[in-house]
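Right, one structure below, let's go through it.
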Amino acid sequence: MTQLILDRRNVLRTGGAALFLALSGGMLRAANSAGRPLPEGDAYAPWSLWSDPSIRNTPMALVAAGVIAANPHDTQPWLFAVTEDSIEIYADTSRHLGAMDPYIREMHLGLGCAIENMLTAAGPNGYVAELEVAPGSLVDLTERSRPILAARLRLTRIAGAAPDPRYAAIPARHTNRYAYDLARDPPQDWREFTRALGADGEIKIFLFDAASPQRQLFDESVVEATEAIIADKPMIADSDRWFRASSREIDAHRDGPTLDAAGLSTFTLIFAHLFSVSPETAQRAWLDQTRNVQLATAPVAGLIAVRDRYDRPSAIEAGRIWQRLHLDATLRGIALQPLNQPIEMIDRERQTGAGSAWARRVAGLTGEDWQATFAFRAGYSPTKASASPRRRLGDVVRS
Ligand SMILES: Cc1cc2nc3c(=O)[nH]c(=O)nc-3n(C[C@H](O)[C@H](O)[C@H](O)COP(=O)(O)O)c2cc1C
């Protein structure tokens with residue numbers, strides 16, 4: 001018989017080891033062995049349906065891999081037009097982040113992430129995929145009222161499947177916002193792999209070790225940019241509007257940042273599920289966690305830089321590099337998290353005509369020949385990251 005025990009962590013545990021339950025939002029929810037409530041419900045189904053036999057070896061298998069890629073604020077800003085031998089990828093401009101992403105630069109990075117997953121899934125599903133990317137500058141791309149074609153995959157059938165080791169990592173990759181182990185450095189061969197991703201002269205990856213002078217500049221930029229975003233009312237409102245605080249909101253929207261993926265301690269997570277907190281409290285917690293957990297425990301931080309951060313193909317390419325880096329890290333057991341606040345401030349100061357202090361500050365880390373478009377941290381985390389919700393294929397495929 002199942003025996004329920006209430007312990008000090010407010011966690012109900014069954015007599016058997018297999019099933020754990022946590023009291024959350026007044027309801028019992030599945031939990032891991034530490035009592036942390038696990039995300040559950042149909043909004044998480046795309047993580048297991050992505051390689052369902054019903055779509056395997058069809059173009060829909062590539063789309064299903066694409067939709068579980070990283071993307072800004074889990075806005076999932078994509079639409080796909082699918083035929084037997086091509087997939088068009090559109091920027092769904094209705095899902096833009098407003099003042100957080102005024103040039104839809106991050107949106108294009110997110111499209112690049114989806115494209116990388118789709119290309120990774122092509123071989124194992126019996127396709128060779130050729131990528132064409134729309135040219136131009138994001139600065140001129142002011143359209144926000146209809147989807148915009150960003151890229152096309154041309155698919156050719158091959159006999160049999162061409163395996164790709166990163167394919168297996170697609171459903172296991174999650175953004176990890178928990179504390180990392182500061183004393184455990186990612187190995188040299190990971191650093192070499194990471195730097196080699198930028199070997200073509202158009203992309204460069206910079207890595208900053210804890211305690212180096214450049215790392216101090218990186219950390220200060222991230223903390224001060226977080227403060228600047230919180231102080232900028234349109235920015236923080238455009239960010240907060242995507243936050244999904246309850247299971248009901250997650251089920252309704254199937255997108256956005258959630259409590260479960262926020263990297264909170266078990267106690268804080270259960271508390272936050274039980275009692276709703278004010279936006280101001282949540283923003284203070286974000287700043288505190290950024291400074292005292294995410295930066296303070298990361299052995300390595302990094303930047304992905306391009307020649308022109310507003311060049312559309314470069315934004316898509318940088319997104320592809322992030323996704324590849326994340327799939328590879330997943331196979332190695334290395335945790336990653338973007339920390340893009342300083343670059344978001346570069347966009348914002350440009351949009352508002354507030355000068356270029358943030359751009360100059362970040363250029364201090366890369367040199368003037370490069371423009372950082374993505375910032376992140378890396379390390380080993382004792383805590384497994386949770387999945388975030390995703391919309392159904394039917395929501396993102398255009399007829
Ligand atoms: C362009 C881009 C910018 C992002 N910026 C941040 C960030 O600043 N902080 C953060 O914690 N996550 C950031 N993320 C991660 C997304 O929030 C995450 O990919 C999304 O919520 C989906 O979750 P998943 O990666 O676990 O599937 C970013 C992702 C992308 C692609």
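Chains: A, B, ... in order of the structure tokens. Residues: from 1 per chain. Ligands: from 1, in order shown.
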Please extract the residues at most 6 Å from ligand 1, counting only C-alpha atoms and all ligand atoms, and provide them as a list in words, using the chain letters and residue numbers of this document.
-> Ile68, Ala69, Ala70, Asn71, Pro72, His73, Asp74, Glu106, Leu109, Gly110, His174, Thr175, Pro257, Gln337, Pro338, Leu339, Asn340, Gln341, Ala387 and Ser388 of chain A
Could you give me, as a PyMOL selection string, the residues within 9 Å of Leu295 of chain A, counting only C-alpha atoms and dropping anything in the same chain fewer than 3 positions from it?
-> chain A and resi 179+219+222-223+289-292+298-299+301+377
Atom CA of Ile203 of chain A and atom CA of Asp347 of chain A, how far apart in Å?
-> 19.2 Å
Where does DSSP see alpha helix (DSSP H) in segment 140-360 of chain A, if you list the residues as number ranges by chain?
-> A: 188-196, 213-231, 233-240, 247-253, 266-274, 279-289, 312-332, 341-352, 357-360
Neighbouring residues of Arg144 of chain A were defined as those with any atom within 10 Å, considering only C-alpha atoms; residues of the same chain fewer than 2 positions away were excluded. Please report them as an mmCIF file with C-alpha atoms, in the first residue's frame.
data_model
loop_
_atom_site.group_PDB
_atom_site.id
_atom_site.type_symbol
_atom_site.label_atom_id
_atom_site.label_comp_id
_atom_site.auth_asym_id
_atom_site.auth_seq_id
_atom_site.Cartn_x
_atom_site.Cartn_y
_atom_site.Cartn_z
ATOM 1 C CA ALA A 91 9.615 34.662 -38.210
ATOM 2 C CA ASP A 92 6.251 34.937 -36.433
ATOM 3 C CA THR A 93 6.532 38.658 -35.737
ATOM 4 C CA SER A 94 3.313 38.617 -33.677
ATOM 5 C CA ARG A 95 5.355 36.847 -30.984
ATOM 6 C CA HIS A 96 8.054 39.520 -30.648
ATOM 7 C CA ILE A 104 13.950 40.979 -33.568
ATOM 8 C CA LEU A 141 13.131 44.833 -41.099
ATOM 9 C CA THR A 142 10.358 46.878 -39.517
ATOM 10 C CA ARG A 146 2.711 39.429 -40.760
ATOM 11 C CA PRO A 147 5.079 36.445 -40.720
ATOM 12 C CA ILE A 148 8.367 37.031 -42.579
#
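Ranking A:Leu217, A:Pro389, A:Ala225, A:Glu130 by their shortest atom-to-atom distance to Trp358 of chain A, with only C-alpha atoms included, puts A:Ala225 first.
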Residue set, segment 302-394 of chain A restricted to strand (DSSP E or B), as a list in words =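 The strand (DSSP E or B) subset of segment 302-394 of chain A is Gly302, Leu303, Ile304, Ala305, Val306, Asp311, Ala335, Leu336, Gln337, Pro338, Gln371, Ala372, Thr373, Phe374, Ala375, Phe376, Arg377, Ala378 and Gly379 of chain A.
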Please tabulate, as CSV, the residues of segment 140-254 of chain A that come within 12 Å of segment 360-369 of chain A, each with its closest pair of atoms and the distance in Å to one decimal, counting only C-alpha atoms and ordering rows by chain, then residue number upward.
residue,atom,partner,partner_atom,distance
A:Gly201,CA,A:Asp369,CA,10.9
A:Glu202,CA,A:Asp369,CA,10.6
A:Ile203,CA,A:Asp369,CA,11.0
A:Lys204,CA,A:Thr366,CA,9.0
A:Ile205,CA,A:Thr366,CA,9.2
A:Phe206,CA,A:Thr366,CA,7.3
A:Leu207,CA,A:Leu365,CA,10.0
A:Phe208,CA,A:Leu365,CA,9.3
A:Ser212,CA,A:Leu365,CA,11.8
A:Pro213,CA,A:Leu365,CA,10.2
A:Gln214,CA,A:Leu365,CA,6.6
A:Arg215,CA,A:Leu365,CA,8.8
A:Gln216,CA,A:Leu365,CA,10.5
A:Leu217,CA,A:Leu365,CA,7.7
A:Phe218,CA,A:Leu365,CA,7.5
A:Asp219,CA,A:Val362,CA,11.1
A:Glu220,CA,A:Arg361,CA,10.4
A:Ser221,CA,A:Val362,CA,7.7
A:Val222,CA,A:Val362,CA,10.0
A:Glu224,CA,A:Arg361,CA,11.4
A:Ala225,CA,A:Val362,CA,11.0
Distance query His326 of chain A at most 12 Å, only C-alpha atoms, self and fewer than 6 positions along chain excluded, as a ChimeraX atom specification | /A:69-70,113,116-117,166-167,169-176,190,193-194,197,319-320,332-338,376-379
Would you save the residues from that selection as a short mmCIF file (atom, residue, chain, number, x, y, z; two decimals), in the first residue's frame, using N, CA, C and O atoms?
data_model
loop_
_atom_site.label_atom_id
_atom_site.label_comp_id
_atom_site.auth_asym_id
_atom_site.auth_seq_id
_atom_site.Cartn_x
_atom_site.Cartn_y
_atom_site.Cartn_z
N ALA A 69 13.72 23.49 -29.80
CA ALA A 69 15.00 24.20 -29.71
C ALA A 69 14.90 25.35 -28.71
O ALA A 69 13.81 25.79 -28.33
N ALA A 70 16.06 25.87 -28.32
CA ALA A 70 16.12 27.08 -27.49
C ALA A 70 15.52 28.25 -28.27
O ALA A 70 15.56 28.26 -29.51
N CYS A 113 18.34 28.54 -33.87
CA CYS A 113 18.34 27.36 -32.98
C CYS A 113 17.43 26.27 -33.55
O CYS A 113 17.79 25.08 -33.60
N GLU A 116 18.95 24.64 -36.57
CA GLU A 116 20.03 23.71 -36.24
C GLU A 116 19.46 22.35 -35.81
O GLU A 116 19.95 21.30 -36.21
N ASN A 117 18.40 22.38 -34.99
CA ASN A 117 17.76 21.11 -34.60
C ASN A 117 17.21 20.39 -35.83
O ASN A 117 17.32 19.17 -35.96
N ARG A 166 24.51 14.14 -32.21
CA ARG A 166 23.78 15.19 -31.48
C ARG A 166 22.27 15.00 -31.54
O ARG A 166 21.53 15.62 -30.77
N TYR A 167 21.80 14.14 -32.46
CA TYR A 167 20.36 13.89 -32.60
C TYR A 167 19.76 13.44 -31.26
O TYR A 167 18.70 13.91 -30.84
N ALA A 169 20.61 14.13 -28.37
CA ALA A 169 20.60 15.18 -27.33
C ALA A 169 19.42 16.13 -27.49
O ALA A 169 19.12 16.91 -26.57
N ILE A 170 18.73 16.09 -28.62
CA ILE A 170 17.68 17.09 -28.89
C ILE A 170 16.63 17.16 -27.77
O ILE A 170 16.33 18.24 -27.27
N PRO A 171 16.08 16.00 -27.31
CA PRO A 171 15.05 16.11 -26.26
C PRO A 171 15.62 16.21 -24.85
O PRO A 171 14.88 16.43 -23.90
N ALA A 172 16.93 16.06 -24.71
CA ALA A 172 17.55 16.10 -23.36
C ALA A 172 18.11 17.48 -23.04
O ALA A 172 18.48 17.76 -21.91
N ARG A 173 18.16 18.36 -24.04
CA ARG A 173 18.75 19.71 -23.85
C ARG A 173 17.74 20.64 -23.17
O ARG A 173 16.64 20.82 -23.64
N HIS A 174 18.12 21.20 -22.05
CA HIS A 174 17.28 22.21 -21.38
C HIS A 174 18.19 23.30 -20.82
O HIS A 174 19.30 23.01 -20.37
N THR A 175 17.72 24.53 -20.83
CA THR A 175 18.48 25.63 -20.24
C THR A 175 18.57 25.41 -18.73
O THR A 175 17.54 25.23 -18.07
N ASN A 176 19.80 25.43 -18.20
CA ASN A 176 19.98 25.14 -16.77
C ASN A 176 20.30 26.43 -16.00
O ASN A 176 21.39 26.99 -16.13
N TRP A 190 36.45 20.42 -24.51
CA TRP A 190 35.21 21.18 -24.71
C TRP A 190 35.54 22.61 -25.14
O TRP A 190 34.92 23.16 -26.05
N PHE A 193 36.54 22.49 -28.75
CA PHE A 193 35.35 22.31 -29.60
C PHE A 193 34.60 23.64 -29.73
O PHE A 193 34.21 24.06 -30.81
N THR A 194 34.43 24.31 -28.59
CA THR A 194 33.66 25.56 -28.56
C THR A 194 34.33 26.63 -29.41
O THR A 194 33.69 27.27 -30.25
N LEU A 197 34.02 26.19 -33.18
CA LEU A 197 32.73 26.49 -33.82
C LEU A 197 32.78 27.83 -34.55
O LEU A 197 31.99 28.09 -35.44
N GLY A 319 22.55 31.74 -33.82
CA GLY A 319 21.58 30.86 -33.15
C GLY A 319 21.90 29.40 -33.40
O GLY A 319 21.82 28.56 -32.50
N ARG A 320 22.29 29.09 -34.65
CA ARG A 320 22.67 27.70 -34.96
C ARG A 320 23.86 27.27 -34.10
O ARG A 320 23.90 26.15 -33.59
N ARG A 332 27.88 15.92 -23.20
CA ARG A 332 29.02 15.87 -22.28
C ARG A 332 28.61 16.06 -20.82
O ARG A 332 29.47 16.07 -19.94
N GLY A 333 27.32 16.30 -20.56
CA GLY A 333 26.87 16.54 -19.18
C GLY A 333 27.19 17.94 -18.70
O GLY A 333 27.17 18.21 -17.49
N ILE A 334 27.49 18.86 -19.62
CA ILE A 334 27.80 20.25 -19.24
C ILE A 334 26.53 21.09 -19.34
O ILE A 334 25.78 20.98 -20.31
N ALA A 335 26.29 21.90 -18.30
CA ALA A 335 25.10 22.76 -18.26
C ALA A 335 25.41 24.11 -18.89
O ALA A 335 26.53 24.62 -18.75
N LEU A 336 24.42 24.68 -19.57
CA LEU A 336 24.58 26.01 -20.18
C LEU A 336 23.36 26.88 -19.86
O LEU A 336 22.25 26.36 -19.72
N GLN A 337 23.61 28.18 -19.80
CA GLN A 337 22.51 29.15 -19.68
C GLN A 337 22.90 30.45 -20.39
O GLN A 337 23.97 31.00 -20.13
N PRO A 338 22.03 30.97 -21.26
CA PRO A 338 22.28 32.30 -21.80
C PRO A 338 22.13 33.35 -20.71
O PRO A 338 21.35 33.18 -19.77
N PHE A 376 26.64 33.87 -22.40
CA PHE A 376 26.22 32.65 -21.70
C PHE A 376 27.20 32.27 -20.59
O PHE A 376 28.29 32.85 -20.48
N ARG A 377 26.79 31.30 -19.79
CA ARG A 377 27.69 30.70 -18.80
C ARG A 377 27.66 29.19 -18.99
O ARG A 377 26.70 28.64 -19.56
N ALA A 378 28.72 28.52 -18.51
CA ALA A 378 28.84 27.07 -18.68
C ALA A 378 29.45 26.46 -17.43
O ALA A 378 30.24 27.10 -16.73
N GLY A 379 29.10 25.21 -17.16
CA GLY A 379 29.68 24.51 -16.01
C GLY A 379 28.95 23.19 -15.79
O GLY A 379 28.15 22.77 -16.63
#
Set the distance at 9 Å and use only C-alpha atoms: which residues neighbour segment 235-247 of chain A once local chain neighbours fewer than 2 positions away are removed? I'd like the list as a short mmCIF file (atom, residue, chain, number, x, y, z; two decimals) with N, CA, C and O atoms, in the first residue's frame.
data_model
loop_
_atom_site.label_atom_id
_atom_site.label_comp_id
_atom_site.auth_asym_id
_atom_site.auth_seq_id
_atom_site.Cartn_x
_atom_site.Cartn_y
_atom_site.Cartn_z
N GLY A 25 0.77 24.64 -5.31
CA GLY A 25 -0.42 25.33 -5.79
C GLY A 25 -1.68 24.67 -5.25
O GLY A 25 -2.71 24.66 -5.90
N PRO A 39 7.66 19.61 -14.07
CA PRO A 39 6.68 20.11 -15.02
C PRO A 39 5.86 18.95 -15.57
O PRO A 39 6.41 17.88 -15.84
N GLU A 40 4.57 19.12 -15.69
CA GLU A 40 3.76 18.03 -16.22
C GLU A 40 2.58 18.60 -17.00
O GLU A 40 2.24 19.77 -16.86
N GLY A 41 1.98 17.76 -17.83
CA GLY A 41 0.83 18.19 -18.60
C GLY A 41 1.13 18.17 -20.08
O GLY A 41 2.27 17.99 -20.51
N HIS A 73 12.92 33.73 -24.38
CA HIS A 73 11.75 33.78 -23.50
C HIS A 73 10.72 32.69 -23.81
O HIS A 73 9.53 32.86 -23.50
N ASP A 74 11.13 31.64 -24.46
CA ASP A 74 10.20 30.58 -24.90
C ASP A 74 8.99 31.17 -25.64
O ASP A 74 7.86 30.71 -25.50
N THR A 75 9.27 32.21 -26.46
CA THR A 75 8.20 32.79 -27.28
C THR A 75 7.87 31.91 -28.47
O THR A 75 6.82 32.09 -29.10
N LEU A 97 9.27 40.31 -28.73
CA LEU A 97 9.48 40.66 -27.32
C LEU A 97 9.50 42.17 -27.09
O LEU A 97 9.96 42.62 -26.03
N GLY A 98 9.04 42.95 -28.04
CA GLY A 98 8.91 44.40 -27.85
C GLY A 98 10.24 45.04 -27.50
O GLY A 98 11.26 44.81 -28.17
N ALA A 99 10.25 45.84 -26.44
CA ALA A 99 11.44 46.61 -26.07
C ALA A 99 12.60 45.71 -25.64
O ALA A 99 13.75 46.15 -25.58
N MET A 100 12.33 44.43 -25.34
CA MET A 100 13.42 43.51 -24.99
C MET A 100 14.18 43.06 -26.25
O MET A 100 15.31 42.60 -26.15
N ASP A 101 13.54 43.20 -27.42
CA ASP A 101 14.17 42.71 -28.65
C ASP A 101 13.71 43.57 -29.82
O ASP A 101 13.07 43.09 -30.76
N ILE A 229 17.51 46.80 -16.99
CA ILE A 229 16.26 46.26 -17.57
C ILE A 229 15.12 46.41 -16.57
O ILE A 229 14.01 46.82 -16.91
N ILE A 230 15.42 46.10 -15.30
CA ILE A 230 14.37 46.20 -14.27
C ILE A 230 13.90 47.66 -14.13
O ILE A 230 12.72 47.93 -13.91
N ALA A 231 14.85 48.60 -14.31
CA ALA A 231 14.50 50.02 -14.16
C ALA A 231 13.79 50.58 -15.39
O ALA A 231 13.21 51.66 -15.33
N ASP A 232 13.85 49.86 -16.51
CA ASP A 232 13.27 50.34 -17.77
C ASP A 232 11.86 49.75 -17.89
O ASP A 232 11.68 48.58 -18.23
N LYS A 233 10.85 50.56 -17.62
CA LYS A 233 9.48 50.03 -17.48
C LYS A 233 8.98 49.30 -18.73
O LYS A 233 8.44 48.19 -18.62
N GLU A 249 -2.04 28.77 -16.66
CA GLU A 249 -1.47 29.64 -17.71
C GLU A 249 -0.60 28.85 -18.68
O GLU A 249 -0.61 29.08 -19.89
N ILE A 250 0.15 27.90 -18.13
CA ILE A 250 1.02 27.08 -19.00
C ILE A 250 0.16 26.26 -19.95
O ILE A 250 0.43 26.19 -21.15
N ASP A 251 -0.90 25.65 -19.43
CA ASP A 251 -1.77 24.84 -20.29
C ASP A 251 -2.42 25.70 -21.37
O ASP A 251 -2.57 25.27 -22.51
N ALA A 252 -2.78 26.94 -21.01
CA ALA A 252 -3.47 27.81 -21.97
C ALA A 252 -2.52 28.32 -23.05
O ALA A 252 -2.88 28.37 -24.22
N HIS A 253 -1.29 28.70 -22.65
CA HIS A 253 -0.38 29.36 -23.61
C HIS A 253 0.68 28.42 -24.18
O HIS A 253 1.19 28.65 -25.27
N ARG A 254 1.12 27.47 -23.40
CA ARG A 254 2.16 26.51 -23.81
C ARG A 254 3.44 27.22 -24.25
O ARG A 254 4.11 26.81 -25.20
N ASP A 255 3.82 28.31 -23.58
CA ASP A 255 5.02 29.06 -23.94
C ASP A 255 5.49 29.83 -22.71
O ASP A 255 4.91 29.70 -21.63
N GLY A 256 6.53 30.64 -22.88
CA GLY A 256 6.95 31.59 -21.85
C GLY A 256 7.79 30.98 -20.74
O GLY A 256 7.76 29.77 -20.51
N PRO A 257 8.54 31.83 -20.03
CA PRO A 257 9.31 31.37 -18.86
C PRO A 257 8.35 30.89 -17.76
O PRO A 257 7.30 31.49 -17.55
N THR A 258 8.73 29.82 -17.08
CA THR A 258 7.89 29.25 -16.01
C THR A 258 8.68 29.18 -14.71
O THR A 258 9.92 29.24 -14.73
N LEU A 259 7.97 29.02 -13.61
CA LEU A 259 8.65 28.85 -12.32
C LEU A 259 9.54 27.61 -12.33
O LEU A 259 10.65 27.62 -11.82
N ALA A 272 6.79 29.51 -4.17
CA ALA A 272 6.28 30.33 -5.28
C ALA A 272 5.04 29.69 -5.90
O ALA A 272 4.15 30.39 -6.37
N HIS A 273 4.98 28.35 -5.90
CA HIS A 273 3.78 27.69 -6.43
C HIS A 273 2.59 27.90 -5.49
O HIS A 273 1.45 28.00 -5.92
N SER A 276 1.36 33.39 -4.75
CA SER A 276 1.84 34.19 -5.87
C SER A 276 2.65 35.36 -5.33
O SER A 276 2.34 35.93 -4.28
N PRO A 279 5.35 41.25 -8.98
CA PRO A 279 6.39 41.41 -10.00
C PRO A 279 7.67 41.98 -9.41
O PRO A 279 8.77 41.56 -9.77
N GLN A 283 11.31 40.34 -9.65
CA GLN A 283 12.43 41.03 -10.31
C GLN A 283 13.65 41.10 -9.38
O GLN A 283 14.79 40.91 -9.82
N ARG A 348 18.52 48.12 -26.91
CA ARG A 348 17.59 49.11 -26.33
C ARG A 348 18.16 50.52 -26.44
O ARG A 348 17.44 51.47 -26.76
#
From the list A:Ile321, A:Met60, A:Val82, A:Val300, which residue is nearest Gly112 of chain A when using only C-alpha atoms?
-> A:Ile321
Polymer residues at most 8 Å from Leu62 of chain A, only C-alpha atoms, same-chain spacing of 4 or more positions, as an mmCIF file with all heavy atoms, in the first residue's frame:
data_model
loop_
_atom_site.group_PDB
_atom_site.id
_atom_site.type_symbol
_atom_site.label_atom_id
_atom_site.label_comp_id
_atom_site.auth_asym_id
_atom_site.auth_seq_id
_atom_site.Cartn_x
_atom_site.Cartn_y
_atom_site.Cartn_z
ATOM 1 N N THR A 58 9.533 11.755 -42.053
ATOM 2 C CA THR A 58 8.755 12.729 -42.830
ATOM 3 C C THR A 58 9.282 14.126 -42.468
ATOM 4 O O THR A 58 9.938 14.300 -41.428
ATOM 5 C CB THR A 58 7.249 12.689 -42.491
ATOM 6 O OG1 THR A 58 7.057 13.317 -41.203
ATOM 7 C CG2 THR A 58 6.707 11.268 -42.460
ATOM 8 N N GLY A 66 12.576 20.934 -34.475
ATOM 9 C CA GLY A 66 12.786 22.389 -34.454
ATOM 10 C C GLY A 66 12.085 23.063 -33.294
ATOM 11 O O GLY A 66 12.653 23.945 -32.642
ATOM 12 N N ASN A 117 18.396 22.384 -34.986
ATOM 13 C CA ASN A 117 17.761 21.113 -34.602
ATOM 14 C C ASN A 117 17.211 20.392 -35.833
ATOM 15 O O ASN A 117 17.316 19.169 -35.957
ATOM 16 C CB ASN A 117 16.609 21.369 -33.620
ATOM 17 C CG ASN A 117 17.023 21.163 -32.175
ATOM 18 O OD1 ASN A 117 18.215 21.087 -31.875
ATOM 19 N ND2 ASN A 117 16.050 21.085 -31.275
ATOM 20 N N MET A 118 16.618 21.159 -36.752
ATOM 21 C CA MET A 118 16.032 20.540 -37.952
ATOM 22 C C MET A 118 17.129 19.916 -38.822
ATOM 23 O O MET A 118 16.966 18.804 -39.336
ATOM 24 C CB MET A 118 15.248 21.594 -38.751
ATOM 25 C CG MET A 118 14.041 22.113 -37.983
ATOM 26 S SD MET A 118 13.338 23.601 -38.716
ATOM 27 C CE MET A 118 12.277 22.868 -39.933
ATOM 28 N N LEU A 119 18.249 20.616 -38.963
ATOM 29 C CA LEU A 119 19.351 20.066 -39.761
ATOM 30 C C LEU A 119 19.936 18.828 -39.076
ATOM 31 O O LEU A 119 20.332 17.867 -39.737
ATOM 32 C CB LEU A 119 20.435 21.134 -39.962
ATOM 33 C CG LEU A 119 20.040 22.285 -40.899
ATOM 34 C CD1 LEU A 119 21.064 23.415 -40.843
ATOM 35 C CD2 LEU A 119 19.906 21.779 -42.341
ATOM 36 N N ALA A 121 18.269 16.768 -37.274
ATOM 37 C CA ALA A 121 17.291 15.674 -37.400
ATOM 38 C C ALA A 121 17.171 15.178 -38.842
ATOM 39 O O ALA A 121 16.571 14.124 -39.077
ATOM 40 C CB ALA A 121 15.923 16.145 -36.899
ATOM 41 N N ALA A 122 17.736 15.926 -39.807
ATOM 42 C CA ALA A 122 17.526 15.567 -41.218
ATOM 43 C C ALA A 122 18.118 14.188 -41.536
ATOM 44 O O ALA A 122 17.399 13.290 -42.001
ATOM 45 C CB ALA A 122 18.122 16.642 -42.123
ATOM 46 N N ASN A 125 16.500 11.101 -40.175
ATOM 47 C CA ASN A 125 15.178 10.861 -40.760
ATOM 48 C C ASN A 125 15.242 10.620 -42.267
ATOM 49 O O ASN A 125 14.216 10.660 -42.954
ATOM 50 C CB ASN A 125 14.247 12.041 -40.455
ATOM 51 C CG ASN A 125 13.685 11.943 -39.038
ATOM 52 O OD1 ASN A 125 12.816 11.120 -38.766
ATOM 53 N ND2 ASN A 125 14.224 12.746 -38.133
#
Pick the closest to Ala318 of chain A from A:Ala159, A:Ala385, A:Ile115, A:Ile87: which is it, counting only C-alpha atoms?
-> A:Ile115
Long-range neighbours of Pro163 of chain A as a PyMOL selection string, 7 Å cut-off, only C-alpha atoms, 2 positions minimum in chain | chain A and resi 123-124+161+165
Output all heavy atoms of each residue in that selection to a file, as an mmCIF file, in the first residue's frame.
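After the write, again-v2.cif holds the following:
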data_model
loop_
_atom_site.group_PDB
_atom_site.id
_atom_site.type_symbol
_atom_site.label_atom_id
_atom_site.label_comp_id
_atom_site.auth_asym_id
_atom_site.auth_seq_id
_atom_site.Cartn_x
_atom_site.Cartn_y
_atom_site.Cartn_z
ATOM 1 N N GLY A 123 19.409 14.004 -41.287
ATOM 2 C CA GLY A 123 20.078 12.737 -41.621
ATOM 3 C C GLY A 123 19.402 11.537 -40.976
ATOM 4 O O GLY A 123 19.036 10.574 -41.672
ATOM 5 N N PRO A 124 19.192 11.561 -39.663
ATOM 6 C CA PRO A 124 18.553 10.415 -39.006
ATOM 7 C C PRO A 124 17.141 10.120 -39.528
ATOM 8 O O PRO A 124 16.639 9.018 -39.360
ATOM 9 C CB PRO A 124 18.516 10.835 -37.527
ATOM 10 C CG PRO A 124 19.676 11.772 -37.386
ATOM 11 C CD PRO A 124 19.745 12.515 -38.683
ATOM 12 N N ALA A 161 19.262 5.948 -43.151
ATOM 13 C CA ALA A 161 19.408 7.107 -42.274
ATOM 14 C C ALA A 161 20.883 7.414 -42.057
ATOM 15 O O ALA A 161 21.708 6.509 -42.018
ATOM 16 C CB ALA A 161 18.740 6.813 -40.940
ATOM 17 N N PRO A 165 25.393 12.091 -33.889
ATOM 18 C CA PRO A 165 25.408 11.872 -32.433
ATOM 19 C C PRO A 165 24.596 12.921 -31.670
ATOM 20 O O PRO A 165 24.024 12.630 -30.616
ATOM 21 C CB PRO A 165 26.896 11.952 -32.065
ATOM 22 C CG PRO A 165 27.608 12.426 -33.280
ATOM 23 C CD PRO A 165 26.728 12.212 -34.467
#
